[in-house]
Structure formats: structure tokens, C-alpha cells
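Participant: This one is coords-v5.pdb, PDB, C-alpha atoms and all ligand atoms.
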ATOM      1  CA  MET M   1      98.759  79.200  59.779
ATOM      2  CA  LYS M   2      96.563  76.136  59.474
ATOM      3  CA  ILE M   3      96.594  73.124  61.781
ATOM      4  CA  THR M   4      96.124  69.716  60.196
ATOM      5  CA  LEU M   5      95.973  66.239  61.718
ATOM      6  CA  VAL M   6      97.291  63.019  60.224
ATOM      7  CA  ARG M   7      96.976  59.504  61.662
ATOM      8  CA  GLY M   8     100.264  57.803  60.818
ATOM      9  CA  ASP M   9     104.031  57.553  61.065
ATOM     10  CA  ILE M  10     105.804  60.921  61.140
ATOM     11  CA  THR M  11     108.830  59.420  59.339
ATOM     12  CA  GLU M  12     106.612  58.908  56.293
ATOM     13  CA  GLN M  13     105.606  62.558  56.158
ATOM     14  CA  HIS M  14     106.748  65.027  53.517
ATOM     15  CA  ALA M  15     107.295  68.381  55.208
ATOM     16  CA  ASP M  16     109.950  71.103  55.343
ATOM     17  CA  ALA M  17     110.660  70.167  58.964
ATOM     18  CA  ILE M  18     109.835  67.145  61.097
ATOM     19  CA  VAL M  19     109.884  67.639  64.875
ATOM     20  CA  ASN M  20     111.533  64.935  66.964
ATOM     21  CA  ALA M  21     110.533  64.133  70.542
ATOM     22  CA  ALA M  22     114.140  63.741  71.629
ATOM     23  CA  ASN M  23     115.885  63.504  74.977
ATOM     24  CA  SER M  24     118.535  65.867  76.262
ATOM     25  CA  SER M  25     121.396  63.674  75.088
ATOM     26  CA  LEU M  26     120.328  64.155  71.440
ATOM     27  CA  LEU M  27     121.876  60.739  70.834
ATOM     28  CA  GLY M  28     118.697  58.871  69.983
ATOM     29  CA  GLY M  29     116.323  56.658  71.894
ATOM     30  CA  GLY M  30     113.083  54.798  71.335
ATOM     31  CA  GLY M  31     109.677  55.953  70.130
ATOM     32  CA  VAL M  32     109.610  58.680  67.542
ATOM     33  CA  ASP M  33     113.276  59.497  68.279
ATOM     34  CA  GLY M  34     114.298  55.960  67.387
ATOM     35  CA  ALA M  35     112.134  55.947  64.260
ATOM     36  CA  ILE M  36     113.549  59.249  63.002
ATOM     37  CA  HIS M  37     117.150  58.140  63.478
ATOM     38  CA  ARG M  38     116.477  54.704  62.005
ATOM     39  CA  LYS M  39     114.732  56.033  58.880
ATOM     40  CA  GLY M  40     116.721  59.265  58.615
ATOM     41  CA  GLY M  41     120.085  57.567  58.752
ATOM     42  CA  PRO M  42     123.451  58.358  60.337
ATOM     43  CA  ASP M  43     123.757  61.948  59.106
ATOM     44  CA  ILE M  44     121.210  63.072  61.700
ATOM     45  CA  LEU M  45     123.148  61.510  64.561
ATOM     46  CA  ALA M  46     126.406  62.908  63.180
ATOM     47  CA  GLU M  47     124.980  66.423  63.364
ATOM     48  CA  CYS M  48     123.546  65.759  66.825
ATOM     49  CA  ARG M  49     126.980  64.651  67.985
ATOM     50  CA  ALA M  50     128.473  67.851  66.516
ATOM     51  CA  LEU M  51     125.919  69.893  68.460
ATOM     52  CA  ARG M  52     126.871  68.046  71.653
ATOM     53  CA  ALA M  53     130.539  68.789  70.909
ATOM     54  CA  SER M  54     129.836  72.489  70.448
ATOM     55  CA  SER M  55     126.906  74.592  71.599
ATOM     56  CA  TYR M  56     125.113  71.852  73.551
ATOM     57  CA  GLY M  57     127.932  70.323  75.528
ATOM     58  CA  ARG M  58     125.602  69.564  78.433
ATOM     59  CA  GLY M  59     122.766  68.388  76.224
ATOM     60  CA  LEU M  60     119.627  70.104  74.949
ATOM     61  CA  PRO M  61     117.616  71.458  77.890
ATOM     62  CA  THR M  62     113.951  70.477  78.237
ATOM     63  CA  GLY M  63     111.699  72.862  76.320
ATOM     64  CA  GLN M  64     114.386  73.965  73.870
ATOM     65  CA  ALA M  65     114.750  73.065  70.181
ATOM     66  CA  VAL M  66     117.586  72.704  67.684
ATOM     67  CA  ALA M  67     117.676  71.724  63.993
ATOM     68  CA  THR M  68     119.737  69.212  62.068
ATOM     69  CA  THR M  69     119.584  67.733  58.612
ATOM     70  CA  ALA M  70     116.703  65.334  58.003
ATOM     71  CA  GLY M  71     119.043  62.824  56.331
ATOM     72  CA  ARG M  72     117.023  60.380  54.239
ATOM     73  CA  LEU M  73     113.626  61.577  55.520
ATOM     74  CA  ASN M  74     111.314  63.418  53.118
ATOM     75  CA  ALA M  75     112.089  66.727  54.777
ATOM     76  CA  ARG M  76     114.849  69.299  54.843
ATOM     77  CA  TRP M  77     115.308  69.481  58.601
ATOM     78  CA  VAL M  78     114.598  67.620  61.800
ATOM     79  CA  ILE M  79     113.864  69.959  64.686
ATOM     80  CA  HIS M  80     114.776  68.143  67.882
ATOM     81  CA  THR M  81     113.020  69.217  71.059
ATOM     82  CA  VAL M  82     113.021  67.720  74.543
ATOM     83  CA  GLY M  83     109.638  67.370  76.163
ATOM     84  CA  PRO M  84     109.104  67.337  79.928
ATOM     85  CA  VAL M  85     108.489  64.070  81.727
ATOM     86  CA  HIS M  86     104.987  64.245  83.197
ATOM     87  CA  SER M  87     104.922  64.831  86.949
ATOM     88  CA  ARG M  88     101.979  64.729  89.341
ATOM     89  CA  ASP M  89     103.803  66.917  91.852
ATOM     90  CA  GLU M  90     104.943  69.692  89.568
ATOM     91  CA  ASP M  91     103.121  71.459  86.728
ATOM     92  CA  ARG M  92     105.521  71.322  83.760
ATOM     93  CA  SER M  93     102.944  72.517  81.203
ATOM     94  CA  GLU M  94     105.001  75.597  80.399
ATOM     95  CA  LEU M  95     107.919  73.383  79.363
ATOM     96  CA  LEU M  96     105.676  71.385  77.006
ATOM     97  CA  ALA M  97     104.323  74.635  75.584
ATOM     98  CA  SER M  98     107.903  75.840  75.148
ATOM     99  CA  CYS M  99     108.755  72.791  72.992
ATOM    100  CA  HIS M 100     106.109  73.883  70.481
ATOM    101  CA  ARG M 101     106.970  77.585  70.644
ATOM    102  CA  GLU M 102     110.699  76.962  70.284
ATOM    103  CA  ALA M 103     110.230  74.456  67.452
ATOM    104  CA  LEU M 104     108.240  77.112  65.551
ATOM    105  CA  ARG M 105     110.898  79.735  66.324
ATOM    106  CA  VAL M 106     113.584  77.453  64.869
ATOM    107  CA  ALA M 107     111.321  76.686  61.898
ATOM    108  CA  ASP M 108     110.997  80.439  61.261
ATOM    109  CA  GLU M 109     114.783  80.844  61.426
ATOM    110  CA  LEU M 110     115.113  78.101  58.809
ATOM    111  CA  GLY M 111     112.319  79.407  56.601
ATOM    112  CA  ALA M 112     110.343  76.184  56.986
ATOM    113  CA  ARG M 113     106.722  76.582  55.870
ATOM    114  CA  THR M 114     105.355  73.146  56.777
ATOM    115  CA  VAL M 115     106.195  71.541  60.117
ATOM    116  CA  ALA M 116     105.124  68.073  61.282
ATOM    117  CA  PHE M 117     104.871  67.490  65.060
ATOM    118  CA  PRO M 118     104.447  64.231  66.983
ATOM    119  CA  ALA M 119     102.505  64.185  70.237
ATOM    120  CA  ILE M 120     105.487  65.283  72.323
ATOM    121  CA  SER M 121     105.887  63.759  75.829
ATOM    122  CA  THR M 122     102.876  61.437  75.491
ATOM    123  CA  GLY M 123     104.863  58.199  75.158
ATOM    124  CA  VAL M 124     107.831  57.320  77.353
ATOM    125  CA  TYR M 125     107.404  60.663  79.146
ATOM    126  CA  ARG M 126     103.865  59.629  80.132
ATOM    127  CA  TRP M 127     102.039  62.936  79.617
ATOM    128  CA  PRO M 128      98.278  62.306  79.434
ATOM    129  CA  VAL M 129      97.526  62.701  75.744
ATOM    130  CA  GLU M 130      94.337  64.745  76.247
ATOM    131  CA  ASP M 131      96.202  67.403  78.227
ATOM    132  CA  ALA M 132      99.200  67.314  75.871
ATOM    133  CA  ALA M 133      96.882  67.847  72.896
ATOM    134  CA  ARG M 134      95.314  70.872  74.586
ATOM    135  CA  ILE M 135      98.708  72.414  75.366
ATOM    136  CA  ALA M 136     100.085  71.655  71.890
ATOM    137  CA  VAL M 137      97.150  73.093  69.944
ATOM    138  CA  GLU M 138      96.679  76.132  72.208
ATOM    139  CA  THR M 139     100.387  76.962  72.065
ATOM    140  CA  VAL M 140     100.645  76.613  68.296
ATOM    141  CA  ARG M 141      97.523  78.743  67.845
ATOM    142  CA  ALA M 142      98.947  81.450  70.122
ATOM    143  CA  THR M 143     102.395  81.569  68.513
ATOM    144  CA  LYS M 144     103.212  84.212  65.904
ATOM    145  CA  THR M 145     105.018  82.355  63.106
ATOM    146  CA  SER M 146     105.576  82.357  59.358
ATOM    147  CA  VAL M 147     104.928  78.615  59.280
ATOM    148  CA  GLU M 148     101.919  77.994  57.020
ATOM    149  CA  GLU M 149     100.999  74.478  58.115
ATOM    150  CA  VAL M 150     101.463  72.755  61.447
ATOM    151  CA  ARG M 151     100.679  69.067  60.959
ATOM    152  CA  PHE M 152     100.204  66.911  64.040
ATOM    153  CA  VAL M 153     101.042  63.318  63.086
ATOM    154  CA  LEU M 154      99.388  60.929  65.543
ATOM    155  CA  PHE M 155     100.534  57.360  65.843
ATOM    156  CA  ASP M 156      97.407  55.868  67.425
ATOM    157  CA  ASP M 157      93.669  56.499  67.596
ATOM    158  CA  PRO M 158      93.520  57.864  71.166
ATOM    159  CA  ALA M 159      96.108  60.493  70.283
ATOM    160  CA  TYR M 160      94.307  61.326  67.048
ATOM    161  CA  GLU M 161      90.966  61.695  68.870
ATOM    162  CA  ALA M 162      92.542  63.859  71.574
ATOM    163  CA  PHE M 163      94.066  66.248  69.042
ATOM    164  CA  ALA M 164      90.908  66.274  66.915
ATOM    165  CA  GLU M 165      88.987  67.347  70.019
ATOM    166  CA  HIS M 166      91.188  70.422  70.461
ATOM    167  CA  ALA M 167      91.935  71.266  66.851
ATOM    168  CA  ARG M 168      88.262  71.669  65.851
TER     169      ARG M 168
HETATM  170  N1  LIG S 201     105.407  58.665  64.223
HETATM  171  C1  LIG S 201     104.588  59.472  64.951
HETATM  172  N2  LIG S 201     104.425  59.358  66.285
HETATM  173  C2  LIG S 201     105.098  58.361  66.895
HETATM  174  C3  LIG S 201     105.973  57.484  66.216
HETATM  175  C4  LIG S 201     106.102  57.666  64.816
HETATM  176  N3  LIG S 201     106.918  56.892  64.081
HETATM  177  N4  LIG S 201     106.500  56.608  67.133
HETATM  178  C5  LIG S 201     105.959  56.928  68.325
HETATM  179  N5  LIG S 201     105.111  57.970  68.190
HETATM  180  C6  LIG S 201     104.294  58.652  69.191
HETATM  181  C7  LIG S 201     103.992  57.880  70.453
HETATM  182  O1  LIG S 201     102.893  57.004  70.246
HETATM  183  C8  LIG S 201     103.634  59.027  71.380
HETATM  184  O2  LIG S 201     102.283  59.410  71.169
HETATM  185  O3  LIG S 201     105.033  59.775  69.623
HETATM  186  C9  LIG S 201     104.512  60.185  70.886
HETATM  187  C10 LIG S 201     105.692  60.518  71.787
HETATM  188  O4  LIG S 201     106.208  59.312  72.325
HETATM  189  P1  LIG S 201     107.792  59.074  72.501
HETATM  190  O5  LIG S 201     108.394  58.873  71.179
HETATM  191  O6  LIG S 201     107.938  58.010  73.541
HETATM  192  O7  LIG S 201     108.345  60.458  73.048
HETATM  193  P2  LIG S 201     108.215  61.109  74.493
HETATM  194  O8  LIG S 201     107.037  60.629  75.254
HETATM  195  O9  LIG S 201     108.373  62.579  74.250
HETATM  196  O10 LIG S 201     109.507  60.558  75.260
HETATM  197  C11 LIG S 201     110.770  60.952  74.785
HETATM  198  O11 LIG S 201     111.445  58.699  74.566
HETATM  199  O12 LIG S 201     112.086  57.786  72.604
HETATM  200  C12 LIG S 201     112.562  58.319  73.756
HETATM  201  O13 LIG S 201     114.664  59.287  73.166
HETATM  202  C13 LIG S 201     113.322  59.588  73.510
HETATM  203  O14 LIG S 201     114.075  59.705  75.764
HETATM  204  C14 LIG S 201     113.170  60.262  74.827
HETATM  205  C15 LIG S 201     111.760  59.911  75.228
END
Output the structure of this file as C-alpha cells.
Ligand code: APR
Facilitator:
Amino acid sequence: MKITLVRGDITEQHADAIVNAANSSLLGGGGVDGAIHRKGGPDILAECRALRASSYGRGLPTGQAVATTAGRLNARWVIHTVGPVHSRDEDRSELLASCHREALRVADELGARTVAFPAISTGVYRWPVEDAARIAVETVRATKTSVEEVRFVLFDDPAYEAFAEHAR
């Protein structure tokens, strides 16, 4: 599997699966979650609501991942995952690693070969982007998967530089 980096808007990407930095409610939010729902259209939310009405009645737990349609996005699926909120008192690195591992596991179940990731937890959830980049790249590298390309799509220069540092 190769790791590529793109500086841009993940909702403009063409990939088999686009990963969403969601929250446990799966009912949308700001940041990349808001952009994906806005651009992807109502079908994504409809499937998220169906998931909440069935297997995820209490919401999607942090570190887990689930797929829906990608709606109008240039992708077949959106893989929603819930990143941990950064904490100074508690090391939640394993949960952030789990987001990447679980998203790849779901991608494998779907047969997705190209998967675009945002910098999970580095916005509203305040994870320092340097550390998040290290965890993301190390986890993806260490995960056995049939995915052929993992593309990190970074929305600003600091995030791009942080990922470039680790993906070399
Ligand atoms: N494309 C790519 N990356 C984006 C985009 C976009 N369109 N919009 C924002 N980002 C980047 C942010 O700059 C940040 O680096 O995604 C990263 C993750 O930021 P958030 O979207 O805030 O996600 P996160 O920190 O995981 O917090 C999740 O925020 O949006 C809400 O509903 C979401 O409650 C959840 C929380």
C-alpha cells in the first residue's frame, strides 16, 4: 500500500472511500463532517440515521468506523469514524490509532482500493497535528490491508507539513 499526501479539500477527492472525522451522533457537525454532509447531500445523513436506528442506537463509539453511501461525492462510500478529543490527562493515542485501523478494516470489507483520510481529531478535537500525523502514518503503515492507496488530504499547510514529515 502506498501513502500519498494532498493539500486540499477532501470533498473534492476522487477515491473509492472518503473517511469522515465524525462525532458519535453520526448526525453531522462542522469541519470535515459538515463539508462531507453539505457536498455529499442528504443520502449520507439518511443512512447515518438508519444506522442510529439499528446497530448504533447509542451512537458510534470513539475509535470505531462504519460506512455509508458517499451520496454526491466522487466516491462510492464514506467511512465515518469518531476520533478522540485530545486530553492532557489521559493518553488516548490508541483510540486515534484505532480510527485508522478500523477505517481500513471497513475499507477491506467493502473492497475499497483507494481511501482518502482527513487529519482526524486535529480540528475541533484539538489533537496536536504533529502527534496526530505520527500516529496516523505509523498506524496505516503497520496495518495489514488490501487498500492500495491511503491518501491523506490536508486542509492547511501546517497539517500538510506535519504529515510530510512522517510520511517520508
Ligand atoms: N477537507 C479536508 N480536511 C478538512 C476539511 C475538508 N473539507 N475541513 C476541515 N478539515 C480538516 C481540519 O482542518 C482538521 O485538520 O480536518 C481536520 C479535522 O478537523 P475537524 O473536522 O474539526 O474534525 P475533528 O477535529 O476530528 O473533530 C470532530 O468536529 O466537525 C465536528 O462533527 C464533528 O464533532 C465532530 C468534531
Participant: What does the distance from CA of Arg105 (chain M) to CA of Lys2 (chain M) come to in Å, to one decimal?
Facilitator: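 Between CA of Arg105 (chain M) and CA of Lys2 (chain M) the gap is 16.3 Å.
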Participant: Determine the nearest neighbour of ligand LIG 201 (chain S) from the options M:Glu90, M:Glu165, M:Glu130, M:Asp9, counting only C-alpha atoms and all ligand atoms.
Facilitator: M:Asp9
Participant: From the set M:Arg72, M:Ser24, M:Gly34, M:Val115, which residue has the shortest atom-to-atom contact distance to Arg49 (chain M), counting only C-alpha atoms?
Facilitator: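 Distance minimum relative to Arg49 (chain M) lands on M:Ser24.
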Participant: Closest to Thr139 (chain M) among M:Glu161, M:Asp33, M:Glu94, M:Glu12, using only C-alpha atoms?
Facilitator: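 Closest candidate: M:Glu94.
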Participant: Report as a ChimeraX atom specification the full result of the PyMOL selection byres (((not hetatm)) within 9 of (chain S and resi 201)) when it is applied to this structure.
Facilitator: /M:7-13,20-36,81-86,117-127,129,152-156,158-159
Participant: Could you write out as a list of chain:residue names the residues that the PyMOL selection byres (((chain M and resi 135) around 10) and not hetatm) matches in the shown file?
Facilitator: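 Listing what the PyMOL selection byres (((chain M and resi 135) around 10) and not hetatm) selects in the shown file: M:Ser93, M:Glu94, M:Leu96, M:Ala97, M:Ser98, M:His100, M:Val129, M:Glu130, M:Asp131, M:Ala132, M:Ala133, M:Arg134, M:Ala136, M:Val137, M:Glu138, M:Thr139, M:Val140, M:Arg141, M:Phe163, M:His166.
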Participant: Hey, can you check how far CA of Thr145 (chain M) sits from CA of Trp77 (chain M)?
Facilitator: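 So the answer is 17.1 Å.
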Participant: Distance CA of Val106 (chain M)-CA of Val150 (chain M), one decimal place?
Facilitator: 13.4 Å
Participant: If we count all atoms listed in the file, what is near Ile79 (chain M) at a cut-off of 7 Å, once residues fewer than 6 positions away on the same chain are taken out, given as number ranges by chain?
Facilitator: M: 17-20, 65-68, 103
